[in-house]
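Visitor: Handing you a structure now.
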Number of protein chains: 2
Amino acid sequence: MSNPTRTLADFLAGLRYADLPVPVVDRTEELFLDWLGSALAGKDYHPIPLFERYARRMGPGVGSGNAGSQILTTRELSSPYFAALVNAAASHVVEQDDLHNSSVLHPGTVVFPAVLAAAQDLGKSGEELITAAVAGYEAGIRIGEFLGRSHYRTFHTTGTVGTLAAAVAVGKLLDFDSDAFVHAIGSAGTQAAGLWEFLRDGADSKQLHTAKAAADGLLAAYLTADGLTGARRILDGAQGLAAGMSQDADAAHLTDRLGSRWALVETSFKYHASCRHTHPAADALLDLMQREGLAHDDIVSVTARVHQAAIDVLGAVDVPHTVHQAKFSMGTVLGLIAVHGKAGLEEFQRHALSDTNVAAFRAKVSMQLDSEVDDAYPRRWLGRIEAIDRSGQHWVSAIDEPKGDPGNTLSRAELANKFHRLVAFSGAASVAEADSLIASSWDLRHLARLDAQLLPTSNAEAATRSPA
Amino acid sequence: MSNPTRTLADFLAGLRYADLPVPVVDRTEELFLDWLGSALAGKDYHPIPLFERYARRMGPGVGSGNAGSQILTTRELSSPYFAALVNAAASHVVEQDDLHNSSVLHPGTVVFPAVLAAAQDLGKSGEELITAAVAGYEAGIRIGEFLGRSHYRTFHTTGTVGTLAAAVAVGKLLDFDSDAFVHAIGSAGTQAAGLWEFLRDGADSKQLHTAKAAADGLLAAYLTADGLTGARRILDGAQGLAAGMSQDADAAHLTDRLGSRWALVETSFKYHASCRHTHPAADALLDLMQREGLAHDDIVSVTARVHQAAIDVLGAVDVPHTVHQAKFSMGTVLGLIAVHGKAGLEEFQRHALSDTNVAAFRAKVSMQLDSEVDDAYPRRWLGRIEAIDRSGQHWVSAIDEPKGDPGNTLSRAELANKFHRLVAFSGAASVAEADSLIASSWDLRHLARLDAQLLPTSNAEAATRSPA
């Protein structure tokens with residue numbers, strides 16, 4: 001009986017840096033910087049300090065021989081387990097990290113924390129880090145596609161599948177052969193967890209999910225390297241992940257064009273600082289208002305025509321009580337776009353909860369399931385809105401590829417600009433440090449060895465800023 | 001809308017040591033010793049040394065201020081996270097830890113590692129440890145019953161529900177109020193994981209599940225104490241645990257007779273060193289052979305009439321390749337009973353794989369679904385076997401309460417004897433140390449303060465023994 005996990009493992013074991021097309025290497029460097037910006041932007045943002053204190057309480061102390069990886073927000077060194085834990089929590093909190101459409105997986109926030117922490121711990125090169133990250137993206141995206149839409153309805157795919165993506169990435173750094181990949185996938189898959197229920201309360205679980213996915217994946221890989229065995233068919237076995245947590249799993253996705261399709265380059269950068277499900281409608285509204293010269297108070301109603309998953313994920317939030325909840329409120333996002341022309345970190349922080357114009361616009365917004373949009377999802381995220389203005393005129397607007405999607409991507413200059421904005425927002429690094437991180441990311445492939453210290457211990461910038 | 005999690009949390013917050021009936025305190029001390037024996041018996045047993053090395057690599061070094069809890073197998077001190085991780089892995093590997101029937105949960109192996117590690121870290125008393133353990137058992141058992149048989153079909157309940165039981169127990173030590181319990185249950189529930197798929201390969205995931213359940217539950221509780229919020233209805237919400245991982249969940253179980261039913265005292269001690277699903281048939285066979293004076297080679301066929309879950313869990317193993325796999329082989333267990341009269345740790349180690357008489361007996365054993373047995377399960381675990389001897393005579397044997405069940409329990413003398421056998425098996429402690437642990441467990445309620453060092457650092461006994 002053929003085992004798709006074995007086929008995937010064979011591919012992962014055989015993957016070499018030299019096999020990667022240049023655009024894949026380019027994009028990996030870009031995704032790395034984009035992730036780094038998200039991680040630094042999370043500094044001091046609730047609940048990140050809780051994870052930092054947990055690492056301090058449970059992990060090795062400063063100066064311990066185990067402290068070979070860096071917690072980016074505090075610049076402290078810890079063991080790779082805790083560095084992965086904290087950095088993964090931090091990089092998912094401002095909702096600016098990358099997303100892969102058809103898998104509905106945020107690969108960066110689970111792959112890079114694990115792979116950076118392990119690469120620092122093991123003293124690996126830029127080439128090795130890039131190859132490992134590609135392995136994590138390629139496996140994670142295919143596993144996300146495999147588990148399908150029914151999985152995403154209840155489970156936060158970035159939490160569940162993220163555990164597998166992180167394990168694969170760290171396994172690649174540990175030079176796993178095919179057998180070891182199968183075991184690591186088994187041990188990661190049996191730890192996969194993360195439920196959407198927290199959205200209803202605006203609870204902190206989203207960061208817990210990414211933290212645990214990165215750290216648990218790393219744990220699976222390190223234990224596998226030491227001899228822990230895992231189930232050979234955790235993905236499609238009779239008592240495996242799909243059997244327990246999906247109704248529409250399709251094993252063909254697991255091995256889809258391995259070595260010729262590079263799923264990593266299909267990943268989207270986030271432009272707005274909100275849940276990705278709001279972006280297509282946000283772009284369509286922005287386009288309409290700019291095109292027709294409409295102001296926010298010209299508009300009396302907006303209907304966002306969306307896919308079902310947008311209703312599942314966003315439907316739980318009516319009037320948001322926290323900035324993080326506001327990122328999942330379609331009305332708030334469209335209100336920020338309508339009133340302020342953008343929905344960036346600054347707009348959320350300043351206007352999402354307290355601006356009466358934004359609140360008034362939110363009350364005009366509704367969502368409606370659209371069969372064309374739903375059929376295209378998750379391969380394509382179509383933006384369709386209908387609006388009515390004060391004169392009773394009806395407007396429609398359509399966007400087929402939201403800003404940041406592969407066909408409408410961000411340039412290196414735009415990514416550098418986003419990075420500066422993210423870092424300035426939290427004060428996690430100085431402008432000079434940000435410039436240096438940008439330069440080294442754009443040339444990551446030539447880095448001889450990852451140092452435990454990505455940033456110097458002292459952070460003069462942060463000391464002069466108050467927490468966000 | 002009434003929230004059963006809130007009702008459960010109110011009960012947990014209000015629970016006081018003074019409320020516990022004496023038989024509950026007595027049984028908690030007995031379950032603690034029984035768990036301690038299982039944890040010590042796991043010393044040097046694959047894959048436990050892997051977890052020990054992981055803790056050494058990722059955790060605080062010896063002498064660090066964070067090292068306030070003891071890893072029992074190595075006697076090293078570590079942070080409570082890693083002590084819980086290793087001790088939970090160790091206490092589930094020899095299949096001698098306790099089991100609660102109707103929830104199909106092994107509560108001890110997930111509750112005690114977490115609660116002991118946290119009690120040592122926080123310097124709590126024996127009374128506080130007992131109260132916290134009771135909280136963990138009462139909540140975990142009810143949550144296991146709530147998720148039902150459909151959950152157990154694919155998920156290893158001790159892994160999934162164990163995370164919640166451990167979080168509740170540690171939360172009680174941290175003096176949680178009702179709100180904090182709701183948050184901790186939310187953060188634990190969204191981490192719940194563990195699939196049965198590993199059984200097919202005899203992989204190491206069973207120990208990974210208990211390790212992670214205890215450690216993740218502890219993590220949820222410590223982060224909750226620092227302010228992490230969780231979903232308010234992670235158990236029965238629309239995108240919660242039951243929605244994603246059960247088809248027959250019944251919320252009435254969550255609040256079943258809180259404060260009057262003490263589910264902890266319904267917990268069974270394990271007599272045979274095998275998967276609990278083999279015990280009813282093993283007792284029935286032993287009874288038949290003793291009653292009728294039959295020898296193993298008198299018998300030509302045995303049919304164990306079982307519940308469906310026994311087939312689901314045991315069915316995957318035909319001829320076992322490892323001692324651990326043999327514990328899930330009905331034929332091997334009945335073979336050990338028939339040939340050696342017992343299926344203890346020593347019998348498994350010496351005879352399960354290499355004894356040709358046992359192998360010959362295994363080939364005579366089959367399982368068949370029995371509707372009476374299945375209807376009674378999981379509330380009652382009935383043992384029913386049919387055997388045919390060489391003369392063609394048919395025999396039947398029935399056991400309604402396997403040895404170790406609440407109505408057929410082990411006395412303190414039997415538990416002390418089991419403890420000595422477990423500790424001698426691995427050499428994890430000397431006879432004098434075992435006697436001292438027995439004495440202090442029988443008087444746990446009067447212990448003023450849990451010391452980080454349950455056992456002295458030096459283990460003269462272990463140094464003279466070779467690994468199992």
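We label chains A, B, ... in the order they appear in the structure tokens, count residues from 1 in each chain, and number ligands from 1 in the order shown.
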So that I can check the surroundings of Arg232 of chain B, please list as a PDB file with N, CA and C atoms, in the first residue's frame every protein, DNA and RNA residue that reaches within 9 Å of it, counting only C-alpha atoms and ignoring chain neighbours fewer than 4 positions away.

Guide:
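Written output follows (around.pdb):
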```
ATOM      1  N   GLU A 197     -12.582  28.211  18.906  1.00  0.00           N
ATOM      2  CA  GLU A 197     -13.566  28.653  19.894  1.00  0.00           C
ATOM      3  C   GLU A 197     -13.179  29.971  20.586  1.00  0.00           C
ATOM      4  N   PHE A 198     -11.882  30.215  20.733  1.00  0.00           N
ATOM      5  CA  PHE A 198     -11.418  31.420  21.451  1.00  0.00           C
ATOM      6  C   PHE A 198     -11.882  32.722  20.792  1.00  0.00           C
ATOM      7  N   ARG A 200     -14.712  33.728  19.855  1.00  0.00           N
ATOM      8  CA  ARG A 200     -15.957  34.227  20.437  1.00  0.00           C
ATOM      9  C   ARG A 200     -15.706  35.152  21.626  1.00  0.00           C
ATOM     10  N   ASP A 201     -14.618  34.915  22.341  1.00  0.00           N
ATOM     11  CA  ASP A 201     -14.335  35.689  23.555  1.00  0.00           C
ATOM     12  C   ASP A 201     -13.163  36.644  23.366  1.00  0.00           C
ATOM     13  N   ALA A 203     -10.206  35.709  23.220  1.00  0.00           N
ATOM     14  CA  ALA A 203      -9.209  35.186  24.157  1.00  0.00           C
ATOM     15  C   ALA A 203      -7.840  35.083  23.476  1.00  0.00           C
TER      16      ALA A 203
ATOM     17  N   ASN B   3     -23.612  27.835  31.259  1.00  0.00           N
ATOM     18  CA  ASN B   3     -22.339  27.318  30.771  1.00  0.00           C
ATOM     19  C   ASN B   3     -21.836  26.251  31.736  1.00  0.00           C
ATOM     20  N   THR B   5     -19.145  24.687  31.852  1.00  0.00           N
ATOM     21  CA  THR B   5     -17.758  24.913  32.264  1.00  0.00           C
ATOM     22  C   THR B   5     -17.707  25.864  33.458  1.00  0.00           C
ATOM     23  N   ARG B   6     -18.616  26.848  33.449  1.00  0.00           N
ATOM     24  CA  ARG B   6     -18.684  27.788  34.581  1.00  0.00           C
ATOM     25  C   ARG B   6     -19.116  27.062  35.850  1.00  0.00           C
ATOM     26  N   VAL B 182     -11.934  28.832  34.389  1.00  0.00           N
ATOM     27  CA  VAL B 182     -12.514  28.865  33.035  1.00  0.00           C
ATOM     28  C   VAL B 182     -11.421  29.170  32.007  1.00  0.00           C
ATOM     29  N   HIS B 183     -10.592  30.157  32.301  1.00  0.00           N
ATOM     30  CA  HIS B 183      -9.510  30.494  31.368  1.00  0.00           C
ATOM     31  C   HIS B 183      -8.534  29.324  31.193  1.00  0.00           C
ATOM     32  N   ILE B 185      -9.043  26.145  31.635  1.00  0.00           N
ATOM     33  CA  ILE B 185      -9.694  25.075  30.873  1.00  0.00           C
ATOM     34  C   ILE B 185      -9.704  25.438  29.392  1.00  0.00           C
ATOM     35  N   GLY B 186      -9.937  26.702  29.091  1.00  0.00           N
ATOM     36  CA  GLY B 186      -9.890  27.157  27.703  1.00  0.00           C
ATOM     37  C   GLY B 186      -8.516  26.981  27.084  1.00  0.00           C
ATOM     38  N   GLY B 237     -18.562  24.570  23.073  1.00  0.00           N
ATOM     39  CA  GLY B 237     -18.830  25.653  22.132  1.00  0.00           C
ATOM     40  C   GLY B 237     -18.889  25.175  20.688  1.00  0.00           C
TER      41      GLY B 237
END
```

Visitor: Give one line per residue of chain A that approaches chain B to at most 8 Å, naming the two atoms of the closest pair and their distance in Å to one decimal, counting only C-alpha atoms; sort by chain then ascending residue number and deliver it as CSV.

Guide:
```
residue,atom,partner,partner_atom,distance
A:Pro47,CA,B:Leu228,CA,6.5
A:Leu50,CA,B:Asp226,CA,6.3
A:Phe51,CA,B:Leu223,CA,7.5
A:Tyr54,CA,B:Leu223,CA,7.1
A:Arg57,CA,B:Asn66,CA,6.0
A:Met58,CA,B:Ser79,CA,5.2
A:Gly59,CA,B:Gly59,CA,4.8
A:Pro60,CA,B:Pro60,CA,3.7
A:Gly61,CA,B:Pro60,CA,6.3
A:Ser64,CA,B:Gly61,CA,6.7
A:Gly65,CA,B:Gly61,CA,7.8
A:Asn66,CA,B:Arg57,CA,6.0
A:Ser79,CA,B:Met58,CA,5.2
A:Pro80,CA,B:Met58,CA,7.0
A:Tyr81,CA,B:Met58,CA,6.2
A:Phe82,CA,B:Met58,CA,7.9
A:Arg153,CA,B:Gln239,CA,7.7
A:Thr154,CA,B:Gln239,CA,4.9
A:Phe155,CA,B:Gly244,CA,7.3
A:Gly186,CA,B:Phe198,CA,7.7
A:Ser187,CA,B:Ser205,CA,6.5
A:Thr190,CA,B:Gly194,CA,4.9
A:Gln191,CA,B:Ala193,CA,5.1
A:Ala192,CA,B:Ala193,CA,6.0
A:Ala193,CA,B:Gln191,CA,5.1
A:Gly194,CA,B:Thr190,CA,4.9
A:Leu195,CA,B:Thr190,CA,5.3
A:Trp196,CA,B:Gln239,CA,5.5
A:Glu197,CA,B:Gln239,CA,4.6
A:Phe198,CA,B:Ala231,CA,4.2
A:Leu199,CA,B:Ala231,CA,7.6
A:Arg200,CA,B:Ala231,CA,7.3
A:Asp201,CA,B:Ala231,CA,6.0
A:Gly202,CA,B:Ala231,CA,7.9
A:Ala203,CA,B:Gly230,CA,5.0
A:Asp204,CA,B:Thr229,CA,5.3
A:Ser205,CA,B:Gly230,CA,6.1
A:Leu208,CA,B:Ser187,CA,7.9
A:His209,CA,B:Gln191,CA,7.5
A:Tyr222,CA,B:Tyr54,CA,7.7
A:Leu223,CA,B:Leu50,CA,6.5
A:Asp226,CA,B:Leu50,CA,6.3
A:Gly227,CA,B:Leu50,CA,7.4
A:Leu228,CA,B:Asp204,CA,6.2
A:Thr229,CA,B:Ala203,CA,5.1
A:Gly230,CA,B:Ala203,CA,5.0
A:Ala231,CA,B:Phe198,CA,4.2
A:Arg232,CA,B:Asp201,CA,7.0
A:Arg233,CA,B:Glu197,CA,7.2
A:Ile234,CA,B:Glu197,CA,6.0
A:Gly237,CA,B:Glu197,CA,6.5
A:Ala238,CA,B:Glu197,CA,6.9
A:Gln239,CA,B:Glu197,CA,4.6
A:Gly240,CA,B:Glu197,CA,5.1
A:Leu241,CA,B:Leu195,CA,7.2
A:Ala243,CA,B:Thr154,CA,7.3
A:Gly244,CA,B:Thr154,CA,5.8
A:Met245,CA,B:Gly244,CA,6.4
```

Visitor: B:Leu72, B:Leu345, B:Ile399, B:Ile337: which is nearest Pro280 of chain B, counting only C-alpha atoms?

Guide: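 Of B:Leu72, B:Leu345, B:Ile399, B:Ile337, the one nearest Pro280 of chain B is B:Ile399, counting only C-alpha atoms.
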
Visitor: Counting only C-alpha atoms, figure out which residue out of A:Ser301, A:Gln247, A:Gln70, A:Thr7 gets nearest to Ile388 of chain A.

Guide: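 So, comparing all the options, the nearest one is A:Ser301.
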
Visitor: Looking at only C-alpha atoms, which of A:Ile130, A:Val110, A:Ala413, A:Ala90 is the one that sits closest to Pro21 of chain A?

Guide: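 Once distances to Pro21 of chain A are computed over only C-alpha atoms, the minimum belongs to A:Ile130.
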
Visitor: For the structure I just gave you, how does DSSP split segment 317-458 of chain B - specifically, which residues are helix (DSSP H, G or I)? Reply as number ranges by chain.

Guide: B: 323-326, 330-340, 345-351, 356-362, 371-376, 406-408, 412-426, 431-441, 444-446

Visitor: Would you save the residues from that selection as an mmCIF file, in the first residue's frame, using C-alpha atoms?

Guide:
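Once written, selection.cif looks like this:
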```
data_model
loop_
_atom_site.group_PDB
_atom_site.id
_atom_site.type_symbol
_atom_site.label_atom_id
_atom_site.label_comp_id
_atom_site.auth_asym_id
_atom_site.auth_seq_id
_atom_site.Cartn_x
_atom_site.Cartn_y
_atom_site.Cartn_z
ATOM 1 C CA VAL B 323 7.430 -5.614 24.835
ATOM 2 C CA HIS B 324 5.322 -2.474 24.808
ATOM 3 C CA GLN B 325 3.364 -3.683 21.789
ATOM 4 C CA ALA B 326 2.857 -7.030 23.548
ATOM 5 C CA MET B 330 -4.791 -9.912 23.661
ATOM 6 C CA GLY B 331 -3.223 -13.197 22.574
ATOM 7 C CA THR B 332 0.054 -12.462 24.307
ATOM 8 C CA VAL B 333 -1.607 -11.377 27.541
ATOM 9 C CA LEU B 334 -3.804 -14.481 27.643
ATOM 10 C CA GLY B 335 -0.735 -16.549 26.711
ATOM 11 C CA LEU B 336 1.218 -15.187 29.683
ATOM 12 C CA ILE B 337 -1.745 -15.871 31.974
ATOM 13 C CA ALA B 338 -2.159 -19.405 30.600
ATOM 14 C CA VAL B 339 1.523 -20.369 30.617
ATOM 15 C CA HIS B 340 2.885 -18.377 33.590
ATOM 16 C CA LEU B 345 6.288 -6.674 34.396
ATOM 17 C CA GLU B 346 8.690 -9.555 34.855
ATOM 18 C CA GLU B 347 6.585 -11.929 32.738
ATOM 19 C CA PHE B 348 6.361 -9.395 29.935
ATOM 20 C CA GLN B 349 10.075 -8.704 29.999
ATOM 21 C CA ARG B 350 11.101 -12.372 30.042
ATOM 22 C CA HIS B 351 8.394 -14.203 28.138
ATOM 23 C CA THR B 356 7.295 -20.414 22.290
ATOM 24 C CA ASN B 357 4.484 -21.633 24.564
ATOM 25 C CA VAL B 358 3.174 -18.113 24.862
ATOM 26 C CA ALA B 359 3.421 -17.675 21.088
ATOM 27 C CA ALA B 360 1.581 -20.949 20.554
ATOM 28 C CA PHE B 361 -1.188 -19.876 22.928
ATOM 29 C CA ARG B 362 -1.417 -16.459 21.227
ATOM 30 C CA SER B 371 -23.272 -6.911 22.693
ATOM 31 C CA GLU B 372 -23.749 -7.419 26.449
ATOM 32 C CA VAL B 373 -20.125 -6.471 27.126
ATOM 33 C CA ASP B 374 -20.308 -3.552 24.717
ATOM 34 C CA ASP B 375 -23.528 -2.204 26.219
ATOM 35 C CA ALA B 376 -22.058 -2.233 29.707
ATOM 36 C CA PRO B 406 -13.395 -0.260 42.941
ATOM 37 C CA GLY B 407 -15.500 -3.249 44.019
ATOM 38 C CA ASN B 408 -12.499 -5.586 43.830
ATOM 39 C CA ARG B 412 -2.745 -0.939 51.054
ATOM 40 C CA ALA B 413 -0.682 -4.092 51.622
ATOM 41 C CA GLU B 414 -1.239 -5.202 48.015
ATOM 42 C CA LEU B 415 -0.417 -1.715 46.758
ATOM 43 C CA ALA B 416 2.785 -1.640 48.822
ATOM 44 C CA ASN B 417 3.697 -5.024 47.401
ATOM 45 C CA LYS B 418 3.019 -3.799 43.853
ATOM 46 C CA PHE B 419 5.131 -0.699 44.575
ATOM 47 C CA HIS B 420 8.078 -2.799 45.745
ATOM 48 C CA ARG B 421 7.828 -4.976 42.625
ATOM 49 C CA LEU B 422 7.686 -1.931 40.315
ATOM 50 C CA VAL B 423 10.670 -0.241 41.937
ATOM 51 C CA ALA B 424 12.689 -3.454 42.075
ATOM 52 C CA PHE B 425 11.964 -4.071 38.394
ATOM 53 C CA SER B 426 13.738 -0.892 37.294
ATOM 54 C CA VAL B 431 14.103 -1.266 49.298
ATOM 55 C CA ALA B 432 14.689 1.158 52.169
ATOM 56 C CA GLU B 433 13.840 4.116 49.960
ATOM 57 C CA ALA B 434 10.717 2.339 48.739
ATOM 58 C CA ASP B 435 9.646 1.688 52.333
ATOM 59 C CA SER B 436 10.154 5.325 53.150
ATOM 60 C CA LEU B 437 8.111 6.471 50.120
ATOM 61 C CA ILE B 438 5.319 4.067 51.085
ATOM 62 C CA ALA B 439 5.280 5.370 54.651
ATOM 63 C CA SER B 440 5.193 9.012 53.579
ATOM 64 C CA SER B 441 2.497 8.352 50.966
ATOM 65 C CA LEU B 444 0.708 12.388 52.731
ATOM 66 C CA ARG B 445 -2.104 14.448 54.260
ATOM 67 C CA HIS B 446 0.142 15.452 57.146
#
```

Visitor: Please measure the separation of atom CA of Arg305 of chain B and atom CA of His92 of chain B, giving the value in Å to one decimal.

Guide: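 So the answer is 26.4 Å.
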
Visitor: Between B:Glu52, B:Asp26, B:Asp97, B:Glu76, which is the closest to Ser38 of chain B once you count only C-alpha atoms?

Guide: B:Asp97

Visitor: Given only C-alpha atoms as the basis, pick out the residue of A:Ala135, A:Ala88, A:Ala165, A:Leu294 nearest to Pro107 of chain A.

Guide: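 Counting only C-alpha atoms, the residue closest to Pro107 of chain A is A:Ala165.
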